[in-house]
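Q: Take a look at this one; I'll ask things after.
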Amino acid sequence: MVYSEVMYPWDGLETANGVDCNSVNEPCVHFLPEVWSSRRLQYEPMIKKGTIYSPSLNGLWAKSGLYIPEFTARQHGQMLIWHGLSGDENRKVLAETFRRPTNWTHYCTTVSSSQCKVSDNVTERSPNPDEEGLYFSEGNFTGYFQFTDQNNCTENPNCTGTVLGPPCDWAFNLDSVLFWKNISGLSMDGPLPGGRYTTKQLQQIWHAASATNSHVIMYWYEPNPFLLKFSNSKYASQRVRFPPASIQCLKYLPTEVQRCSPNPTERRGDERGSCLLDTQSLQSILARSVGYDTIQSDNVDRSPAYDILKHIKVSNLDLTMILEGMAKGLDPRQLVCSWVVENRNMLEEYIPLGFPRHLEESVEYSTWITVLALVFGAFVIAVAFLAMFLIGKYSKTKTMVYAQPVFLYLILMGQCMYCFGAILYSVEPSELSCNAANWLTILGYTIEQVPILLKTAAIHRLVISAKKRQRINICRKVMLLKVAVIMLGVAAYMTIWTIIDPSIPREKRRMDTDDISTIIVNVACGSNEFYWQTILLSWQGILLIMAAVLAFQSRQVMKQFNESSSLAFMVYCHFVFLCARVILAIIYFRDSSLFSDAVLAGLLSFAISWDAMLAMIIYIFPKIFYSIMHPEHYKTTMIRERSSFVSNISSLNSDELRVLVCTANLGNTEPTEESLAAWIPSNGECCKVTSLKHRKGMPTKTFDIIAIGMQEATWGNTGKNLGSNRGGERSLRIMETIGDQATHENMDIQDVLSAMDDVNTSLLHDMIQKILGTGYIQIAAQQRGQMRFLLWASDMVANNIIDVKISGANTGVGKVLANKGGIVVSLNYKNTRISFLSAHLAAHEGETNYKARCENITSILREGRTYGLSKKLDDSVMSHHMFIFGDLNFRVNFGTEAKHQENVTRALEMIDKKDYVGLYGFDELQAGLSNGDLLAGFETPVCNFPPTFKVLPEQGFVYKKQRTPSYTDRILFKSAESLHNKLKVLAYESCEDFITSDHKPVRGAFSIIPNEVVDGTESRLSGTYTLTIRQMKGWDFPAGDLDGFSDPYLMFMWDSEGVSFVSKSLSHRLRMLVYGKSWPRTKYISKTLNPDWGDAEMLFTLEDVHVGQMLYIAAIDYDAFSKDDSLGVVSLSLKELIVMSEFEQKVEKTLIWGGKEGGKIQFEVTVQRMKKARRTTVFLSGTRKND
C-alpha cells in the first residue's frame, strides 16, 4: 500500500467547494472518511467559513503511541510501560537496545569494506540513484542498525537510543512526552527537521528490523494495515502504555506550528500537554458542495451520496477484518465489496427512501396528442396552399389588387414554414428535426409578419404624404428587398445559434408518481442555454409590438386600405399564442412534472398551428371570400380619362416649359369657385391669361406647371358639408387609381388625400381640381400656419418631374409664429432645378417695416433650403430658375412728409389717370432691388395694372382709404448665370374678378427652356478640360465675428459628377483630412475683411460639360468653437468658363447670401482643353454630401 505524504488535504476541500473535481488538476476532495479529533484546529475554521459540515462520527476508534515489536518486549518487558523508559537508570539499556538505522547509501560509504561493490550478508549491490535513501529493499538491502558513539554509554554519558518519530504534521507530541516524562535515553535522529522520518521510511525501518532481528521503537497508529502484516510474527507490534490523556492535557497539546518549529523548546510545549492520545474517536468530514449538489439539485437527479456519507458507520472489528485481508495481499476492492454483501441489511438503513432507482425509457411521441398535432399541422398547411390557389385565381379583383397578392403569398409562405416547424416539434426528436423546427418557426413567423408591417407602414406613409399633398413613390422591389435583408439577419442569428449551441435531443428525466424509485426518461429538443429561445421569443414579441403600433396609427385610413381592425385582431391572437408558447417553454426548461415532454411538444405544435390558422382566418380569408363574392376584374375610370387626355396632347411641342405663377391673399375668407376661376385659368389654358403688350399673344396650349401661393388662407368651416363630401369622393377616386397602379412594379402616387384632411384643404383642392380638370395632378402641397402652397403639373410633365422637396421658415413673432414666413418647393425637370418661394412678409408702412420685410425674405432664403449639396448654398444660388411670389407687403412710398390721407389721395389720383408706370416708380420693392437691399439678381415685371391692395371685395378695383393703395402682391424671378435667356416673361396681371378678399390676386406666365433641350439644340462641350483658379482675393467682406472682422476661407463646390479636384501637394491633402470637410478649400486668413490668398491655386478637371452645371465658391468665416458662418456665395457657369478656353481671364464677382450682397472676390481663371488623357491624382470628385 502506498501512503500519501499529505496527511489531510485541507486545500482540496476548499477547491472542491462547488467544483467538479474531474475538471481541475490541483488537489480536490469532497469527503474525508477518517479525521482524528485532534485536528480540530484545522477543520473548525473551515466549518465557520462554510466549506465543510461539522464532522460526523464514523464508528471507529483509533489508537496511537509508541510501538515495539514482540521480539523486543520478550527481552525487555519493562519497556511495555512508560516507566521502563523513564529516568537515567534506563538510559543505558535504551541506548544499547535501539541502535541507529542506516540507509543504503550511508551503509555503503561508511560501513561496507567494499563500498558495496561486493555482495555481503546485508546488501547484494550498491544502490541505484533512486534507491540511495532507502532503509530497506526486499532482496537487495536488508537494512542495518549501527551502534554509534551516541549508543556508547561508556564513552558518552548522555548516550541515547533512537526512537522513530513521524512527520510533524501528524497529531503527536513526542518531543513533549520524551522531555517532560524524562525519557532521556531516547532521541529522534531522523533525516527530517526535528529528527523525524517520513511515513515510508518508518515502514522501511520496521521491515529492516524484522529482517535483521534488530530492536526498534516507533510512533505509529491503528487501525492500520501495515503492522498487521507482522501480526503472526515475532515483530508483531506491542503498544507502550502511557497515562490516559486528561481534558487539561488535550487543551495544552502543542499545535502543528509548535511541533514543526526548529526550536526544541517550542516543540516541547507546556508540561501540561505532555500526554499521548492513546485512544480517540474518528470522524468523517463532508464538503458542503456535496450537500448543495444533492439537496439543491432536482429530485429526479438527486444523488443519495450526501445521506449515505453523512450517516454511514463502520466498526473497528469490520475495518480490522478488511485490513487483515489487505495485509495478506488480497484485493482491497474485493474485500470491501464482500463486506458490503455481508452487511447489506445494515447498509440499507443508510440508503434514503426512493433509492436505488432504475431508468425507464418513455415512448410517448406516438401518443394521440402528438399524432393529432401532426395531422392538424398538415391540415393547416393544406389550407394555406388552398388560399394561395384562390389568391392567384382572384388576383385581378379589386380586393386583391388593394391587398397586393405578392405580399399575401409571402404571408402564406411564412405560415406554411411556421406549420412545418410545428409538425417537426410533434415527431420523435433528432438533431435534424430539432434545429429544423427552430429554423422554420422563426423564419416562418418573420416572413409572415414583416410583409404585413412593411405594407402597413407604406400605407401609413401614404396617409401622411396625402395629408401634406406630397408626391411619394412606393417601390415594391425596395419593400421586398427589405424583407430579404431582415430574413438574412434572422438567418444569421439562427446560424450562430446552430453552430455555438445547437438544439439536439436531450434526455429529460422525471420521477414516476406511482413509484419514486422509477425515473422515466424522455427525449426532447433543447440547447444548453435558455437565452437562445428567449431571444427568439423576444424577436417575435417585438414584431407584434410594431404591428400593434402600426395598427393604431392606421386606424383612420380610408376603408379600401384600412387593415387596422384585422391587423389588431391578428396581433391579439398572435400575442395570446406567444404567451402560451412562453409558458410551455418555461415549463419545459424547469423540468416540471405537470406534463411529459411529448405532451409539451404536442401542445407547442398545436399552439403554433392554431396561431397560423387563426391568422389566415382573420387576415387572409376575408379578402378571399370578398373576392369570390365580387369576382369582376377591377379597372378605374380615372386612368382611362387620363390616358385619353395624354393621347390628345402627346403631339404638342414640349421644348418649352410653360409655368404659371399665381399668388393671392385670401383675407381669411373662403373663396368662391367663381373667384378661383377668375384667377386660375380653366383647364390650365394659356389663352385665358393676357400676354404682355410686347408679346404677340399667349400660346394656344396649356400650362405645364401651375404654382399657387396663398396667404391668410384659413377660415371657418362654412363649407364643411361640401368640402367633406367632395373630399371623400375624391379620396375614394384617387385610392382606386392607386389600386389600379398597384399592379405595376412601382406605385407612383400622384395626388393622395387622407380622409383625415381638414375641410379647408379638401375644399380648395376640389375646387382647383375642378377648374384645372383631370389633366392636372397635384404634385406638392404644404400648409404653414395661414400660408398654403399648391403645385400642379400636367400629366405629361409630371412624369418627368423628380426630387420634389419642401421646406420653409417662419418669420412671425420670435420667428416661431407662422402668420408670416415662407414655403419653399423645389423640383427637377429635365436636369433643370426650379424653385418656388411663396411668402407673406411683415405688414404696414414705414421704414422700420420695410427693413423688416427685407430681413424676412433673407431669413426665409437662408433657412428654407431644399437642396442638400451644402448648407452654405440657399435655393436662390442653387436653382437654375427661381420664383418668389406672395403678399410681400411692399408699399407705395412717395418719400414725402405728407400725411397718410394725402398719400392715399395722391395714389388714387394716379390710379384714376391709369398712370401705373408713374405709380410703380414709387414702389418700395423696385427701389429695394435697385438699391441692393434685398434679392440681389432677382427681377420683377413692371406692374401695368392697378395696385392690388387694399380693395373692397367686389368686382373691379375699389380701394379702402385706410391704406395707401400698393402693389403688395408680387412675383419675382431669377435665373442662374448663362441661363437668363432661357426664361421669358409671357404675362403679368392682376385678377379684378376675384371678389372675396381685400387683395386682388396676381398671376404671371413664364416660359423656360429646360437644360436637356438646350443641350439637344446647342453644342455641348465634350472632352476633358483643366480649370485653374489662382490669385484669389476679396474685399469688403461682411464681419463674421464680434470684433468686426472675419477669418475667411474659400470653399469650392459643384453639382456635376464630371468635376474633379486635383490635389497638387501632400500638405494640401493633410489639411483637408484635418479639417474633415467634404469639399476643397483654401486656408483661412485671420482677422480681415480684405483677404488675399496669394499664390494659392485650385486645379480642377472637367469632363463633358453640360448646360446648367455650376461651380460654387463660398466665402466662409472660420470659427474654432462653433459652426463656420457663410459670408456669401459666387456661382459660375462651367460652360461659360470653358468658352474662355486657352486664355486667362480675370473674374470679379459679388458675394450673395440670402439674397443680399456681401463683398466681392476676384480671381484669375485659366481653362485649357486636354489633347489626350493624362494620369492625375484625384482627391475629390463628384457631388458631395452636406458639409
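Ordered as shown in the C-alpha cells, chains take letters A, B, and onward, while each chain numbers its residues from 1 and ligands are numbered from 1 in the order shown.
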Could you pull out the residues in region 1019-1178 of chain A that DSSP calls strand (DSSP E or B) from the backbone, as a CSV table (one decimal) with N, CA and C atoms, in the first residue's frame?
A:
```csv
chain,number,residue,atom,x,y,z
A,1021,LEU,N,-20.3,70.7,-74.6
A,1021,LEU,CA,-18.8,70.7,-74.6
A,1021,LEU,C,-18.3,69.4,-74.2
A,1022,SER,N,-17.9,68.6,-75.2
A,1022,SER,CA,-17.4,67.3,-74.9
A,1022,SER,C,-15.9,67.3,-74.7
A,1023,GLY,N,-15.3,66.3,-74.1
A,1023,GLY,CA,-13.9,66.3,-73.9
A,1023,GLY,C,-13.5,66.6,-72.4
A,1024,THR,N,-12.2,66.7,-72.2
A,1024,THR,CA,-11.7,67.0,-70.8
A,1024,THR,C,-10.9,68.3,-70.8
A,1025,TYR,N,-11.2,69.1,-69.8
A,1025,TYR,CA,-10.6,70.4,-69.6
A,1025,TYR,C,-10.0,70.5,-68.2
A,1026,THR,N,-9.0,71.4,-68.1
A,1026,THR,CA,-8.4,71.7,-66.8
A,1026,THR,C,-8.8,73.2,-66.5
A,1027,LEU,N,-9.3,73.4,-65.3
A,1027,LEU,CA,-9.7,74.7,-64.8
A,1027,LEU,C,-8.8,75.1,-63.6
A,1028,THR,N,-8.1,76.2,-63.8
A,1028,THR,CA,-7.2,76.6,-62.7
A,1028,THR,C,-7.7,78.0,-62.2
A,1029,ILE,N,-7.8,78.1,-60.9
A,1029,ILE,CA,-8.2,79.3,-60.2
A,1029,ILE,C,-7.0,79.7,-59.3
A,1030,ARG,N,-6.6,81.0,-59.5
A,1030,ARG,CA,-5.4,81.5,-58.7
A,1030,ARG,C,-5.6,83.0,-58.5
A,1031,GLN,N,-4.6,83.5,-57.8
A,1031,GLN,CA,-4.7,85.0,-57.4
A,1031,GLN,C,-6.0,85.4,-56.8
A,1032,MET,N,-6.4,84.6,-55.8
A,1032,MET,CA,-7.7,84.9,-55.2
A,1032,MET,C,-7.6,85.9,-54.1
A,1033,LYS,N,-8.5,86.9,-54.1
A,1033,LYS,CA,-8.5,87.9,-53.1
A,1033,LYS,C,-9.9,88.5,-53.0
A,1034,GLY,N,-10.2,89.2,-51.9
A,1034,GLY,CA,-11.5,89.7,-51.7
A,1034,GLY,C,-11.5,91.0,-51.0
A,1035,TRP,N,-12.6,91.8,-51.0
A,1035,TRP,CA,-12.6,93.0,-50.2
A,1035,TRP,C,-14.1,93.3,-49.8
A,1046,SER,N,-13.5,89.1,-39.8
A,1046,SER,CA,-13.8,87.7,-40.2
A,1046,SER,C,-12.5,86.9,-40.3
A,1048,PRO,N,-11.8,84.5,-43.0
A,1048,PRO,CA,-12.4,83.9,-44.2
A,1048,PRO,C,-11.5,82.9,-44.9
A,1049,TYR,N,-12.2,81.9,-45.4
A,1049,TYR,CA,-11.6,81.0,-46.4
A,1049,TYR,C,-12.6,80.7,-47.5
A,1050,LEU,N,-12.1,80.2,-48.6
A,1050,LEU,CA,-13.0,79.9,-49.7
A,1050,LEU,C,-13.2,78.4,-49.9
A,1051,MET,N,-14.4,78.0,-50.0
A,1051,MET,CA,-14.7,76.6,-50.3
A,1051,MET,C,-15.3,76.4,-51.7
A,1052,PHE,N,-14.9,75.4,-52.4
A,1052,PHE,CA,-15.3,75.2,-53.8
A,1052,PHE,C,-16.3,74.0,-53.8
A,1053,MET,N,-17.4,74.1,-54.4
A,1053,MET,CA,-18.4,73.1,-54.6
A,1053,MET,C,-18.9,73.0,-56.0
A,1054,TRP,N,-19.5,71.9,-56.3
A,1054,TRP,CA,-20.0,71.7,-57.7
A,1054,TRP,C,-21.2,70.8,-57.7
A,1059,VAL,N,-16.9,66.8,-62.5
A,1059,VAL,CA,-15.9,67.7,-62.0
A,1059,VAL,C,-15.0,67.0,-60.9
A,1060,SER,N,-13.7,67.1,-61.0
A,1060,SER,CA,-12.8,66.5,-60.1
A,1060,SER,C,-11.8,67.5,-59.6
A,1061,PHE,N,-11.5,67.5,-58.3
A,1061,PHE,CA,-10.5,68.4,-57.7
A,1061,PHE,C,-9.2,67.6,-57.7
A,1062,VAL,N,-8.1,68.3,-58.2
A,1062,VAL,CA,-6.8,67.7,-58.3
A,1062,VAL,C,-5.9,68.3,-57.2
A,1081,ARG,N,-10.9,73.5,-50.1
A,1081,ARG,CA,-10.9,74.8,-49.5
A,1081,ARG,C,-9.6,75.4,-49.4
A,1088,THR,N,-9.6,89.7,-40.9
A,1088,THR,CA,-9.5,90.6,-42.1
A,1088,THR,C,-10.9,90.6,-42.8
A,1092,ASP,N,-6.5,88.1,-48.9
A,1092,ASP,CA,-5.7,87.8,-50.1
A,1092,ASP,C,-5.0,86.4,-49.9
A,1097,GLU,N,-3.6,78.1,-55.2
A,1097,GLU,CA,-4.1,77.7,-56.6
A,1097,GLU,C,-5.0,76.5,-56.4
A,1098,MET,N,-6.1,76.5,-57.1
A,1098,MET,CA,-7.1,75.4,-57.1
A,1098,MET,C,-7.2,74.8,-58.5
A,1099,LEU,N,-7.0,73.5,-58.7
A,1099,LEU,CA,-7.0,72.9,-60.0
A,1099,LEU,C,-8.1,71.9,-60.1
A,1100,PHE,N,-8.9,72.0,-61.2
A,1100,PHE,CA,-10.0,71.0,-61.4
A,1100,PHE,C,-9.9,70.5,-62.8
A,1101,THR,N,-10.4,69.3,-62.9
A,1101,THR,CA,-10.6,68.7,-64.3
A,1101,THR,C,-12.1,68.6,-64.5
A,1102,LEU,N,-12.5,69.0,-65.8
A,1102,LEU,CA,-13.9,69.0,-66.2
A,1102,LEU,C,-14.1,68.0,-67.4
A,1103,GLU,N,-15.1,67.2,-67.3
A,1103,GLU,CA,-15.4,66.3,-68.4
A,1103,GLU,C,-16.8,66.4,-68.9
A,1104,ASP,N,-17.0,66.6,-70.2
A,1104,ASP,CA,-18.3,66.6,-70.9
A,1104,ASP,C,-19.2,67.5,-70.1
A,1105,VAL,N,-19.0,68.8,-70.2
A,1105,VAL,CA,-19.7,69.8,-69.5
A,1105,VAL,C,-21.0,70.1,-70.2
A,1110,MET,N,-22.8,73.9,-62.6
A,1110,MET,CA,-22.3,75.1,-61.9
A,1110,MET,C,-21.1,74.8,-61.0
A,1111,LEU,N,-20.2,75.8,-60.8
A,1111,LEU,CA,-19.2,75.8,-59.8
A,1111,LEU,C,-19.5,76.9,-58.8
A,1112,TYR,N,-19.5,76.5,-57.5
A,1112,TYR,CA,-19.9,77.5,-56.4
A,1112,TYR,C,-18.6,77.8,-55.6
A,1113,ILE,N,-18.4,79.1,-55.4
A,1113,ILE,CA,-17.3,79.5,-54.5
A,1113,ILE,C,-17.9,80.2,-53.3
A,1114,ALA,N,-17.8,79.6,-52.1
A,1114,ALA,CA,-18.4,80.2,-50.9
A,1114,ALA,C,-17.3,80.8,-50.0
A,1115,ALA,N,-17.5,82.0,-49.6
A,1115,ALA,CA,-16.7,82.6,-48.6
A,1115,ALA,C,-17.2,82.3,-47.3
A,1116,ILE,N,-16.4,81.8,-46.4
A,1116,ILE,CA,-16.9,81.3,-45.1
A,1116,ILE,C,-16.0,81.8,-44.0
A,1117,ASP,N,-16.6,82.2,-42.9
A,1117,ASP,CA,-15.9,82.7,-41.7
A,1117,ASP,C,-15.6,81.5,-40.8
A,1125,ASP,N,-19.5,80.3,-40.3
A,1125,ASP,CA,-20.6,81.1,-40.9
A,1125,ASP,C,-20.4,81.4,-42.3
A,1126,SER,N,-21.5,81.4,-43.1
A,1126,SER,CA,-21.4,81.8,-44.5
A,1126,SER,C,-21.3,83.3,-44.7
A,1127,LEU,N,-20.5,83.8,-45.5
A,1127,LEU,CA,-20.4,85.2,-45.8
A,1127,LEU,C,-21.0,85.5,-47.2
A,1128,GLY,N,-21.1,84.5,-48.0
A,1128,GLY,CA,-21.6,84.8,-49.3
A,1128,GLY,C,-21.1,83.7,-50.3
A,1129,VAL,N,-21.8,83.7,-51.5
A,1129,VAL,CA,-21.5,82.7,-52.5
A,1129,VAL,C,-21.5,83.3,-53.8
A,1130,VAL,N,-20.6,82.8,-54.7
A,1130,VAL,CA,-20.5,83.1,-56.1
A,1130,VAL,C,-20.8,81.9,-56.9
A,1131,SER,N,-21.6,82.0,-57.9
A,1131,SER,CA,-21.9,80.8,-58.8
A,1131,SER,C,-21.3,81.1,-60.1
A,1132,LEU,N,-20.7,80.1,-60.7
A,1132,LEU,CA,-20.0,80.2,-62.0
A,1132,LEU,C,-20.5,79.1,-62.9
A,1133,SER,N,-20.9,79.5,-64.1
A,1133,SER,CA,-21.3,78.5,-65.1
A,1133,SER,C,-20.1,77.8,-65.7
A,1144,GLU,N,-6.3,83.4,-70.3
A,1144,GLU,CA,-6.5,83.8,-68.9
A,1144,GLU,C,-7.6,84.8,-68.8
A,1145,GLN,N,-8.4,84.8,-67.8
A,1145,GLN,CA,-9.5,85.7,-67.6
A,1145,GLN,C,-9.5,86.1,-66.2
A,1146,LYS,N,-9.6,87.4,-65.9
A,1146,LYS,CA,-9.7,87.9,-64.5
A,1146,LYS,C,-11.2,88.0,-64.3
A,1147,VAL,N,-11.7,87.4,-63.2
A,1147,VAL,CA,-13.1,87.4,-62.9
A,1147,VAL,C,-13.3,88.1,-61.6
A,1148,GLU,N,-14.4,89.0,-61.6
A,1148,GLU,CA,-14.7,89.7,-60.4
A,1148,GLU,C,-16.2,89.5,-60.1
A,1149,LYS,N,-16.6,89.0,-59.0
A,1149,LYS,CA,-18.0,88.6,-58.7
A,1149,LYS,C,-18.4,89.2,-57.3
A,1150,THR,N,-19.7,89.4,-57.1
A,1150,THR,CA,-20.2,89.8,-55.9
A,1150,THR,C,-20.7,88.7,-55.1
A,1151,LEU,N,-20.4,88.6,-53.8
A,1151,LEU,CA,-20.9,87.5,-52.9
A,1151,LEU,C,-22.3,87.8,-52.6
A,1152,ILE,N,-23.1,86.7,-52.6
A,1152,ILE,CA,-24.6,86.8,-52.3
A,1152,ILE,C,-24.9,85.7,-51.3
A,1153,TRP,N,-25.6,86.1,-50.2
A,1153,TRP,CA,-26.1,85.1,-49.2
A,1153,TRP,C,-27.4,85.6,-48.7
A,1156,LYS,N,-28.7,88.9,-50.3
A,1156,LYS,CA,-28.1,90.1,-50.0
A,1156,LYS,C,-26.6,90.1,-50.5
A,1157,GLU,N,-26.2,91.2,-51.0
A,1157,GLU,CA,-24.8,91.3,-51.4
A,1157,GLU,C,-23.9,91.4,-50.2
A,1158,GLY,N,-22.7,90.9,-50.3
A,1158,GLY,CA,-21.8,90.9,-49.2
A,1158,GLY,C,-20.3,90.9,-49.6
A,1159,GLY,N,-19.8,91.9,-50.2
A,1159,GLY,CA,-18.4,92.0,-50.6
A,1159,GLY,C,-18.2,91.4,-51.9
A,1160,LYS,N,-16.9,91.5,-52.4
A,1160,LYS,CA,-16.6,91.0,-53.7
A,1160,LYS,C,-15.3,90.1,-53.6
A,1161,ILE,N,-15.2,89.2,-54.6
A,1161,ILE,CA,-14.0,88.4,-54.7
A,1161,ILE,C,-13.5,88.5,-56.1
A,1162,GLN,N,-12.2,88.4,-56.3
A,1162,GLN,CA,-11.6,88.5,-57.6
A,1162,GLN,C,-10.6,87.3,-57.7
A,1163,PHE,N,-10.5,86.7,-58.9
A,1163,PHE,CA,-9.5,85.7,-59.2
A,1163,PHE,C,-9.2,85.5,-60.6
A,1164,GLU,N,-8.2,84.9,-61.0
A,1164,GLU,CA,-7.8,84.6,-62.3
A,1164,GLU,C,-8.2,83.2,-62.7
A,1165,VAL,N,-8.8,83.0,-63.9
A,1165,VAL,CA,-9.2,81.7,-64.3
A,1165,VAL,C,-8.5,81.3,-65.6
A,1166,THR,N,-7.9,80.1,-65.6
A,1166,THR,CA,-7.3,79.6,-66.9
A,1166,THR,C,-8.0,78.3,-67.2
A,1167,VAL,N,-8.5,78.1,-68.4
A,1167,VAL,CA,-9.2,76.9,-68.9
A,1167,VAL,C,-8.4,76.4,-70.1
A,1168,GLN,N,-8.1,75.1,-70.1
A,1168,GLN,CA,-7.4,74.5,-71.2
A,1168,GLN,C,-8.0,73.2,-71.5
A,1169,ARG,N,-8.1,72.9,-72.8
A,1169,ARG,CA,-8.6,71.6,-73.2
A,1169,ARG,C,-7.4,70.6,-73.2
A,1178,VAL,N,-6.6,62.2,-58.2
A,1178,VAL,CA,-7.9,62.8,-57.9
A,1178,VAL,C,-8.1,62.7,-56.4
```
Q: Write out as number ranges by chain which residues come within 9 Å of Gly716 (chain A) when counting only C-alpha atoms, dropping same-chain ones fewer than 4 positions away.
A: A: 668-670, 720, 760
Q: Please produce an output containing all heavy atoms for each residue in the selection, written as a tab-separated table (two decimals), in the first residue's frame.
A:
```
chain	number	residue	atom	x	y	z
A	668	ASN	N	-58.45	85.45	-45.13
A	668	ASN	CA	-59.13	84.57	-44.17
A	668	ASN	C	-60.61	84.40	-44.48
A	668	ASN	O	-61.46	84.27	-43.59
A	668	ASN	CB	-58.97	85.08	-42.73
A	668	ASN	CG	-57.51	85.10	-42.30
A	668	ASN	OD1	-56.97	86.16	-41.97
A	668	ASN	ND2	-56.87	83.95	-42.32
A	669	THR	N	-60.92	84.45	-45.78
A	669	THR	CA	-62.29	84.28	-46.24
A	669	THR	C	-62.34	83.14	-47.24
A	669	THR	O	-61.48	83.03	-48.11
A	669	THR	CB	-62.81	85.57	-46.91
A	669	THR	OG1	-62.71	86.65	-45.98
A	669	THR	CG2	-64.26	85.40	-47.35
A	670	GLU	N	-63.36	82.30	-47.13
A	670	GLU	CA	-63.49	81.18	-48.05
A	670	GLU	C	-63.75	81.70	-49.46
A	670	GLU	O	-64.70	82.45	-49.71
A	670	GLU	CB	-64.65	80.29	-47.61
A	670	GLU	CG	-64.90	79.12	-48.55
A	670	GLU	CD	-66.11	78.31	-48.14
A	670	GLU	OE1	-66.59	78.48	-47.00
A	670	GLU	OE2	-66.59	77.51	-48.96
A	720	LYS	N	-68.38	73.15	-44.73
A	720	LYS	CA	-67.97	71.85	-44.20
A	720	LYS	C	-68.58	70.70	-44.97
A	720	LYS	O	-67.90	69.77	-45.37
A	720	LYS	CB	-68.36	71.77	-42.72
A	720	LYS	CG	-68.00	70.44	-42.07
A	720	LYS	CD	-68.31	70.48	-40.61
A	720	LYS	CE	-67.92	69.17	-39.94
A	720	LYS	NZ	-68.19	69.16	-38.51
A	760	ASN	N	-60.95	72.79	-45.06
A	760	ASN	CA	-60.46	73.84	-45.94
A	760	ASN	C	-59.55	73.27	-47.02
A	760	ASN	O	-59.65	73.64	-48.20
A	760	ASN	CB	-59.69	74.89	-45.14
A	760	ASN	CG	-60.59	75.61	-44.15
A	760	ASN	OD1	-61.81	75.44	-44.16
A	760	ASN	ND2	-59.98	76.38	-43.26
```
Q: State, in Å with one decimal place, the distance from CA of Ser682 (chain A) to CA of Gln769 (chain A).
A: 9.6 Å
Q: Using only C-alpha atoms, which residues sit within 7 Å of region 613-619 of chain A once same-chain residues fewer than 2 positions away are excluded, as a PyMOL selection string?
A: chain A and resi 380+566+570+609-611+621-622
Q: Would you put the residues from that selection into a file with N, CA and C atoms, as a short mmCIF file (atom, residue, chain, number, x, y, z; two decimals), in the first residue's frame?
A:
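Saved result, again-v3.cif, follows:
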```cif
data_model
loop_
_atom_site.label_atom_id
_atom_site.label_comp_id
_atom_site.auth_asym_id
_atom_site.auth_seq_id
_atom_site.Cartn_x
_atom_site.Cartn_y
_atom_site.Cartn_z
N VAL A 380 -53.41 22.53 -41.70
CA VAL A 380 -53.23 23.99 -41.83
C VAL A 380 -52.37 24.31 -43.05
N SER A 566 -58.39 44.22 -38.64
CA SER A 566 -57.93 42.83 -38.84
C SER A 566 -56.50 42.66 -38.33
N MET A 570 -55.42 40.18 -35.36
CA MET A 570 -54.39 39.17 -35.61
C MET A 570 -53.25 39.32 -34.61
N SER A 609 -49.71 25.76 -34.80
CA SER A 609 -50.61 25.51 -35.93
C SER A 609 -51.89 26.34 -35.80
N TRP A 610 -52.45 26.41 -34.58
CA TRP A 610 -53.65 27.23 -34.38
C TRP A 610 -53.33 28.71 -34.58
N ASP A 611 -52.15 29.12 -34.19
CA ASP A 611 -51.72 30.51 -34.40
C ASP A 611 -51.77 30.85 -35.89
N PHE A 621 -58.57 35.05 -45.28
CA PHE A 621 -59.83 34.53 -45.83
C PHE A 621 -60.89 35.59 -46.04
N PRO A 622 -60.99 36.64 -45.21
CA PRO A 622 -61.97 37.69 -45.55
C PRO A 622 -61.72 38.30 -46.93
#
```
Q: From a DSSP pass on the backbone, collect the residues of region 99-227 of chain A flagged as helix (DSSP H, G or I) and hand them back as a ChimeraX atom specification.
A: /A:104-110,129-131,149-151,174-180,193-195,199-212,225-227
Q: Could you give me, as CSV, a per-residue list for region 496-516 of chain A showing, wherever an atom lies at most 9 Å from an atom of region 354-360 of chain A, the closest pair of atoms and their distance in Å to one decimal, using only C-alpha atoms and sorting by chain then residue number from low to high?
A:
```
residue,atom,partner,partner_atom,distance
A:Arg509,CA,A:Leu359,CA,8.7
A:Asp515,CA,A:Gly354,CA,8.0
A:Ile516,CA,A:Gly354,CA,5.3
```
Q: Contacts of region 60-75 of chain A at 6 Å or less, counting only C-alpha atoms, minus same-chain residues fewer than 4 places along, as a ChimeraX atom specification?
A: /A:215,217-222,234-240,278-282,315-316
